[in-house]
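Novice: Provided herewith: start09.tsv, TSV, C-alpha atoms and all ligand atoms.
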```tsv
chain	number	residue	atom	x	y	z
A	1	MET	CA	-13.01	15.93	-4.85
A	2	LYS	CA	-10.96	13.29	-3.10
A	3	TYR	CA	-12.24	10.37	-1.11
A	4	GLU	CA	-11.04	7.89	1.45
A	5	VAL	CA	-12.40	4.35	1.97
A	6	LEU	CA	-12.99	3.12	5.51
A	7	THR	CA	-13.98	-0.51	5.68
A	8	GLY	CA	-15.58	-1.85	8.84
A	9	GLY	CA	-18.61	-3.17	10.66
A	10	PRO	CA	-19.92	-6.73	10.83
A	11	LEU	CA	-20.12	-7.18	7.03
A	12	ASP	CA	-17.03	-5.17	6.03
A	13	VAL	CA	-18.95	-2.36	4.43
A	14	ASN	CA	-17.11	0.35	2.51
A	15	CYS	CA	-17.77	3.74	4.07
A	16	TYR	CA	-16.53	6.64	1.94
A	17	VAL	CA	-15.40	10.01	3.24
A	18	LEU	CA	-15.57	12.57	0.43
A	19	THR	CA	-13.78	15.89	0.69
A	20	ASP	CA	-14.25	18.84	-1.62
A	21	GLU	CA	-10.68	20.05	-1.90
A	22	ALA	CA	-11.62	23.65	-2.68
A	23	THR	CA	-13.55	24.18	0.56
A	24	GLY	CA	-12.74	21.22	2.83
A	25	ALA	CA	-16.44	20.33	3.05
A	26	ALA	CA	-16.91	16.61	3.63
A	27	ALA	CA	-19.65	14.03	3.16
A	28	VAL	CA	-19.77	10.53	4.60
A	29	ILE	CA	-21.42	7.82	2.53
A	30	ASP	CA	-22.74	4.69	4.30
A	31	PRO	CA	-21.41	4.88	7.88
A	32	GLY	CA	-22.19	1.29	8.79
A	33	PHE	CA	-20.15	1.68	11.96
A	34	PHE	CA	-18.80	4.44	14.17
A	35	ASP	CA	-15.22	3.88	15.28
A	36	ASP	CA	-12.14	6.01	16.05
A	37	ARG	CA	-11.55	6.70	12.37
A	38	LEU	CA	-15.02	8.18	11.94
A	39	ARG	CA	-14.76	9.94	15.28
A	40	ARG	CA	-11.69	11.74	13.96
A	41	VAL	CA	-13.55	12.62	10.74
A	42	ALA	CA	-16.39	14.03	12.86
A	43	GLU	CA	-13.96	16.06	14.95
A	44	THR	CA	-12.70	17.97	11.90
A	45	GLY	CA	-16.02	19.81	11.95
A	46	ASN	CA	-16.15	19.53	8.14
A	47	VAL	CA	-18.88	16.91	7.73
A	48	LYS	CA	-21.83	18.60	5.99
A	49	MET	CA	-23.93	15.57	5.12
A	50	ILE	CA	-24.36	11.87	5.75
A	51	LEU	CA	-25.50	10.01	2.65
A	52	LEU	CA	-26.98	6.53	2.47
A	53	THR	CA	-26.99	4.42	-0.69
A	54	HIS	CA	-29.72	2.29	0.92
A	55	GLY	CA	-31.13	1.36	4.26
A	56	HIS	CA	-29.58	-1.99	5.14
A	57	PHE	CA	-28.18	-2.04	8.67
A	58	ASP	CA	-24.61	-2.72	7.54
A	59	HIS	CA	-24.62	0.61	5.66
A	60	MET	CA	-26.28	2.74	8.32
A	61	ALA	CA	-25.57	1.27	11.78
A	62	GLY	CA	-23.18	4.15	12.61
A	63	ALA	CA	-25.26	6.94	11.07
A	64	GLU	CA	-27.11	7.98	14.23
A	65	GLU	CA	-23.86	8.38	16.21
A	66	LEU	CA	-22.22	10.25	13.36
A	67	ARG	CA	-25.22	12.58	13.13
A	68	ARG	CA	-24.96	13.23	16.86
A	69	ALA	CA	-21.22	13.92	16.59
A	70	THR	CA	-21.48	16.25	13.55
A	71	ALA	CA	-25.04	17.66	13.53
A	72	ALA	CA	-24.96	16.87	9.80
A	73	PRO	CA	-28.24	15.75	8.20
A	74	ILE	CA	-28.80	12.15	7.10
A	75	LEU	CA	-30.01	11.96	3.51
A	76	ALA	CA	-31.47	8.92	1.78
A	77	MET	CA	-34.02	8.37	-0.97
A	78	GLU	CA	-37.53	9.31	0.10
A	79	THR	CA	-38.55	5.85	-1.15
A	80	GLU	CA	-36.19	4.21	1.40
A	81	ARG	CA	-37.83	5.81	4.46
A	82	ALA	CA	-40.07	2.86	5.32
A	83	LEU	CA	-37.23	0.33	5.08
A	84	LEU	CA	-34.94	2.47	7.24
A	85	ALA	CA	-37.57	2.61	9.95
A	86	ASP	CA	-38.31	-1.11	9.97
A	87	ALA	CA	-35.87	-3.48	11.69
A	88	GLU	CA	-37.12	-6.45	9.73
A	89	ALA	CA	-36.87	-4.70	6.35
A	90	ASN	CA	-33.45	-3.18	7.05
A	91	ALA	CA	-32.33	-6.68	8.12
A	92	SER	CA	-30.91	-5.59	11.49
A	93	ARG	CA	-33.28	-7.94	13.34
A	94	GLN	CA	-32.12	-10.99	11.35
A	95	PHE	CA	-28.41	-10.24	10.98
A	96	PHE	CA	-27.36	-7.60	13.53
A	97	GLY	CA	-28.94	-9.11	16.61
A	98	ARG	CA	-30.42	-5.76	17.55
A	99	ASP	CA	-33.32	-3.76	16.09
A	100	LEU	CA	-32.20	-0.63	14.29
A	101	SER	CA	-34.50	2.10	13.07
A	102	LEU	CA	-33.35	5.32	11.47
A	103	GLU	CA	-35.13	8.48	10.38
A	104	PRO	CA	-33.38	10.51	7.66
A	105	ASP	CA	-33.54	14.30	7.90
A	106	ARG	CA	-34.54	14.62	4.29
A	107	GLY	CA	-35.68	12.33	1.49
A	108	LEU	CA	-33.90	12.55	-1.86
A	109	SER	CA	-35.36	12.15	-5.32
A	110	ASP	CA	-33.95	10.77	-8.57
A	111	GLY	CA	-31.76	13.21	-10.47
A	112	GLU	CA	-31.32	15.61	-7.59
A	113	ALA	CA	-27.98	17.45	-7.47
A	114	LEU	CA	-26.29	17.81	-4.09
A	115	ARG	CA	-23.64	20.47	-3.58
A	116	LEU	CA	-20.62	19.73	-1.42
A	117	GLY	CA	-18.57	22.89	-1.69
A	118	GLU	CA	-17.68	23.02	-5.37
A	119	THR	CA	-18.35	19.31	-5.92
A	120	VAL	CA	-21.68	18.20	-7.34
A	121	LEU	CA	-23.11	14.81	-6.48
A	122	THR	CA	-25.96	13.59	-8.64
A	123	VAL	CA	-28.47	11.24	-7.05
A	124	MET	CA	-29.39	8.32	-9.31
A	125	ALA	CA	-32.27	6.16	-8.16
A	126	ALA	CA	-31.13	2.52	-8.23
A	127	PRO	CA	-33.96	0.25	-7.08
A	128	GLY	CA	-33.44	-3.51	-7.05
A	129	HIS	CA	-31.14	-4.38	-4.16
A	130	THR	CA	-33.71	-2.48	-2.12
A	131	ALA	CA	-36.65	-0.43	-3.45
A	132	GLY	CA	-35.20	2.90	-2.36
A	133	GLY	CA	-31.53	2.42	-3.17
A	134	CYS	CA	-29.51	5.03	-5.04
A	135	CYS	CA	-26.05	5.83	-6.37
A	136	TYR	CA	-24.16	9.10	-5.92
A	137	LEU	CA	-22.39	10.14	-9.08
A	138	THR	CA	-19.54	12.59	-9.52
A	139	LYS	CA	-17.36	13.19	-12.57
A	140	ASP	CA	-14.58	10.98	-11.27
A	141	ALA	CA	-16.28	8.45	-9.01
A	142	ALA	CA	-19.58	6.58	-8.78
A	143	PHE	CA	-20.65	5.50	-5.29
A	144	THR	CA	-22.81	2.56	-6.21
A	145	GLY	CA	-23.64	0.91	-2.88
A	146	ASP	CA	-24.76	-2.69	-3.27
A	147	THR	CA	-26.11	-2.12	-6.79
A	148	LEU	CA	-22.72	-2.53	-8.49
A	149	MET	CA	-19.67	-3.88	-6.67
A	150	GLU	CA	-16.25	-5.21	-7.74
A	151	TYR	CA	-17.21	-7.39	-10.72
A	152	SER	CA	-20.60	-8.23	-9.29
A	153	VAL	CA	-23.99	-6.85	-8.33
A	154	GLY	CA	-25.93	-6.97	-5.08
A	155	ARG	CA	-28.43	-9.59	-4.02
A	156	SER	CA	-32.11	-9.01	-4.60
A	157	ASP	CA	-33.66	-11.60	-2.26
A	158	LEU	CA	-34.00	-9.38	0.83
A	159	PRO	CA	-37.14	-7.33	1.68
A	160	THR	CA	-38.13	-4.96	-1.17
A	161	GLY	CA	-35.48	-6.50	-3.46
A	162	ASP	CA	-36.37	-7.03	-7.12
A	163	GLN	CA	-33.96	-8.68	-9.55
A	164	TYR	CA	-35.48	-7.11	-12.67
A	165	ALA	CA	-35.31	-3.65	-11.15
A	166	LEU	CA	-31.71	-4.34	-10.13
A	167	LEU	CA	-30.77	-5.23	-13.71
A	168	ARG	CA	-32.45	-2.07	-14.99
A	169	SER	CA	-30.41	-0.05	-12.48
A	170	VAL	CA	-27.21	-1.77	-13.63
A	171	GLN	CA	-28.25	-0.99	-17.21
A	172	LYS	CA	-28.53	2.70	-16.26
A	173	LEU	CA	-25.02	2.58	-14.79
A	174	ALA	CA	-23.76	0.99	-18.01
A	175	GLY	CA	-24.33	4.35	-19.66
A	176	LEU	CA	-22.04	6.32	-17.35
A	177	PRO	CA	-19.74	8.73	-19.20
A	178	GLY	CA	-15.94	8.55	-18.94
A	179	ASP	CA	-14.07	6.11	-16.72
A	180	PRO	CA	-15.00	6.90	-13.13
A	181	ASP	CA	-13.85	4.90	-10.12
A	182	ILE	CA	-16.53	2.41	-9.15
A	183	CYS	CA	-16.87	2.66	-5.39
A	184	GLY	CA	-19.12	-0.19	-4.33
A	185	GLY	CA	-20.56	-1.06	-0.96
A	186	HIS	CA	-18.29	-4.06	-0.45
A	187	GLY	CA	-15.04	-5.28	-2.01
A	188	ALA	CA	-12.36	-3.31	-3.79
A	189	VAL	CA	-12.73	-0.02	-5.62
A	190	THR	CA	-12.40	-0.64	-9.37
A	191	LYS	CA	-12.57	1.38	-12.58
A	192	PHE	CA	-15.63	1.57	-14.83
A	193	SER	CA	-13.52	0.36	-17.78
A	194	ALA	CA	-12.49	-2.75	-15.79
A	195	GLU	CA	-16.10	-3.41	-14.75
A	196	LYS	CA	-17.23	-3.15	-18.38
A	197	GLU	CA	-14.75	-5.86	-19.23
A	198	ARG	CA	-14.98	-8.19	-16.24
A	199	ASN	CA	-18.38	-7.66	-14.63
A	200	PRO	CA	-20.71	-10.10	-16.43
A	201	PHE	CA	-23.82	-8.05	-15.63
A	202	LEU	CA	-22.39	-4.79	-16.93
A	203	HIS	CA	-20.67	-6.54	-19.82
A	204	TYR	CA	-24.02	-7.85	-20.99
A	205	PHE	CA	-25.54	-4.39	-21.29
A	206	ILE	CA	-22.47	-2.91	-22.96
A	207	ALA	CA	-22.34	-5.75	-25.49
A	208	GLU	CA	-26.05	-5.37	-26.17
A	209	ARG	CA	-25.72	-1.88	-27.64
B	1	ZN	ZN	-27.36	-3.96	1.22
```
Show the structure stored in the file as structure tokens.

Specialist:
Amino acid sequence: MKYEVLTGGPLDVNCYVLTDEATGAAAVIDPGFFDDRLRRVAETGNVKMILLTHGHFDHMAGAEELRRATAAPILAMETERALLADAEANASRQFFGRDLSLEPDRGLSDGEALRLGETVLTVMAAPGHTAGGCCYLTKDAAFTGDTLMEYSVGRSDLPTGDQYALLRSVQKLAGLPGDPDICGGHGAVTKFSAEKERNPFLHYFIAER
């Protein structure tokens, strides 16, 4: 599996385009915008699924257009459905200046394995930043949304946020095997080994063992 990072939208979200090299099948994680770059991705005809790490507007504002352009289903945690539908909860009303509401095609559950060609993505529930957030884990990369980002973690003061749940989710990530790329929702892509050293939240759980 290879991936490309496209950063854009009002809050510079990281949108990831994953490609299974064996089959060419692609998935788009967190299309917070829909621009020429994503239009070109759509035009390849390879996009099989649109995945959301959580429902905040800056991660999903381009999802509806991408779905229209690709006919690919939008997948998010079943527990994020209510937030996605509610402009106040998904923060579009407060920060986007326009009410957004999105209905995923299917709700995901914790531990579910998604197949993208020969690549397997494991869904890990990661409540805390929002109640229905999740991470998508592969052998070589963890797409962690706003749960874990470049030497930091996401905020927990927005609707459905919970700081204790967020820390428990970070603790779960602390147990990841190997040294995957950490592909967060904002900021630079880092390595798990670097996060373990420099991310104070992750460092705490590693040191605790
Ligand atoms: Zn967010």

Novice: Nearest to ligand ZN 1 (chain B): which of A:Gly184, A:Pro104, A:Gly178, A:Gly145 is it, counting all atoms listed in the file?

Specialist: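 Smallest separation from ligand ZN 1 (chain B) among the options: A:Gly145.
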
Novice: Taking 6 positions as the minimum chain separation for residues in the same chain, which residues sit within 9 Å of A:Val189 when counting all atoms listed in the file? Answer as a PyMOL selection string.

Specialist: chain A and resi 5+149-150+181-183

Novice: Go ahead and save the picked residues with C-alpha atoms, as a PDB file, in the frame of the given file.

Specialist:
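Contents of part_8.pdb, freshly written:
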```
ATOM      1  CA  VAL A   5     -12.400   4.350   1.970  1.00  0.00           C
ATOM      2  CA  MET A 149     -19.670  -3.880  -6.670  1.00  0.00           C
ATOM      3  CA  GLU A 150     -16.250  -5.210  -7.740  1.00  0.00           C
ATOM      4  CA  ASP A 181     -13.850   4.900 -10.120  1.00  0.00           C
ATOM      5  CA  ILE A 182     -16.530   2.410  -9.150  1.00  0.00           C
ATOM      6  CA  CYS A 183     -16.870   2.660  -5.390  1.00  0.00           C
TER       7      CYS A 183
END
```

Novice: Using all atoms listed in the file, determine which residues fall within 8 Å of ligand ZN 1 (chain B), then list them as a ChimeraX atom specification.

Specialist: /A:54-59,129-130,145-146,154-155,185

Novice: Given all atoms listed in the file as the basis, pick out the residue of A:Ala87, A:Leu51, A:Phe95, A:Ala76 nearest to A:Leu108.

Specialist: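 Residue with the minimum atom-to-atom distance to A:Leu108: A:Ala76.
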
Novice: Please provide as a list in words all residues within 12 Å of A:Thr7, with the sequence filter that same-chain residues fewer than 6 positions apart are discarded (counting only C-alpha atoms).

Specialist: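 The neighbour list is Val13, Asn14, Cys15, Tyr16, Val17, Ile29, Asp30, Pro31, Gly32, Phe33, Phe34, Asp35, Arg37, Leu38, Asp58, His59, Cys183, Gly184, Gly185, His186, Gly187, Ala188 and Val189 of chain A.
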
Novice: Can you pull out the residues contacting A:Ser169? Cut-off 10 Å, using all atoms listed in the file, and skip same-chain residues under 4 positions away; I want them as a PyMOL selection string.

Specialist: chain A and resi 124-129+133-135+147-148+163-165+173-174

Novice: Using atom CA of A:Lys139 and atom CA of A:Ala72 as the two end points, give the distance in Å to one decimal.

Specialist: 23.9 Å

Novice: Please measure the separation of atom CA of A:Leu75 and atom CA of A:Gly62, giving the value in Å to one decimal.

Specialist: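 These atoms are spaced 13.8 Å apart.
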
Novice: Give the answer as one residue: which of A:Gly117, A:Phe143, A:Arg67, A:Gly107 has the shortest atom-to-atom distance to A:Tyr3, using all atoms listed in the file?

Specialist: A:Phe143

Novice: Between atom CA of A:Asp36 and atom CA of A:Leu18, what is the distance, to one decimal in Å?

Specialist: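 Atom CA of A:Leu18 lies 17.3 Å from atom CA of A:Asp36.
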
Novice: Counting all atoms listed in the file, which of A:Ser101, A:Val28, A:Arg93, A:Val170 gets nearest to A:Pro73?

Specialist: A:Val28

Novice: May I ask which of the residues A:Val153, A:Leu202, A:Ala194, A:Val123 is the closest one to A:Gly175, counting all atoms listed in the file?

Specialist: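 So, comparing all the options, the nearest one is A:Leu202.
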
Novice: Could you check which of A:Phe205, A:Ala71, A:Ala26, A:Val120 is closest to A:Asp105, using only C-alpha atoms?

Specialist: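 Checking each of A:Phe205, A:Ala71, A:Ala26, A:Val120 against A:Asp105, counting only C-alpha atoms, the winner is A:Ala71.
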
Novice: May I have the centre and edge lengths, in Å to one decimal, of an axis-aligned box around the listed atoms of stretch 32-37 of chain A with 5 Å added to every side, as lines of an AutoDock Vina configuration file?

Specialist:
```
center_x = -16.9
center_y = 4.0
center_z = 12.4
size_x = 20.6
size_y = 15.4
size_z = 17.3
```
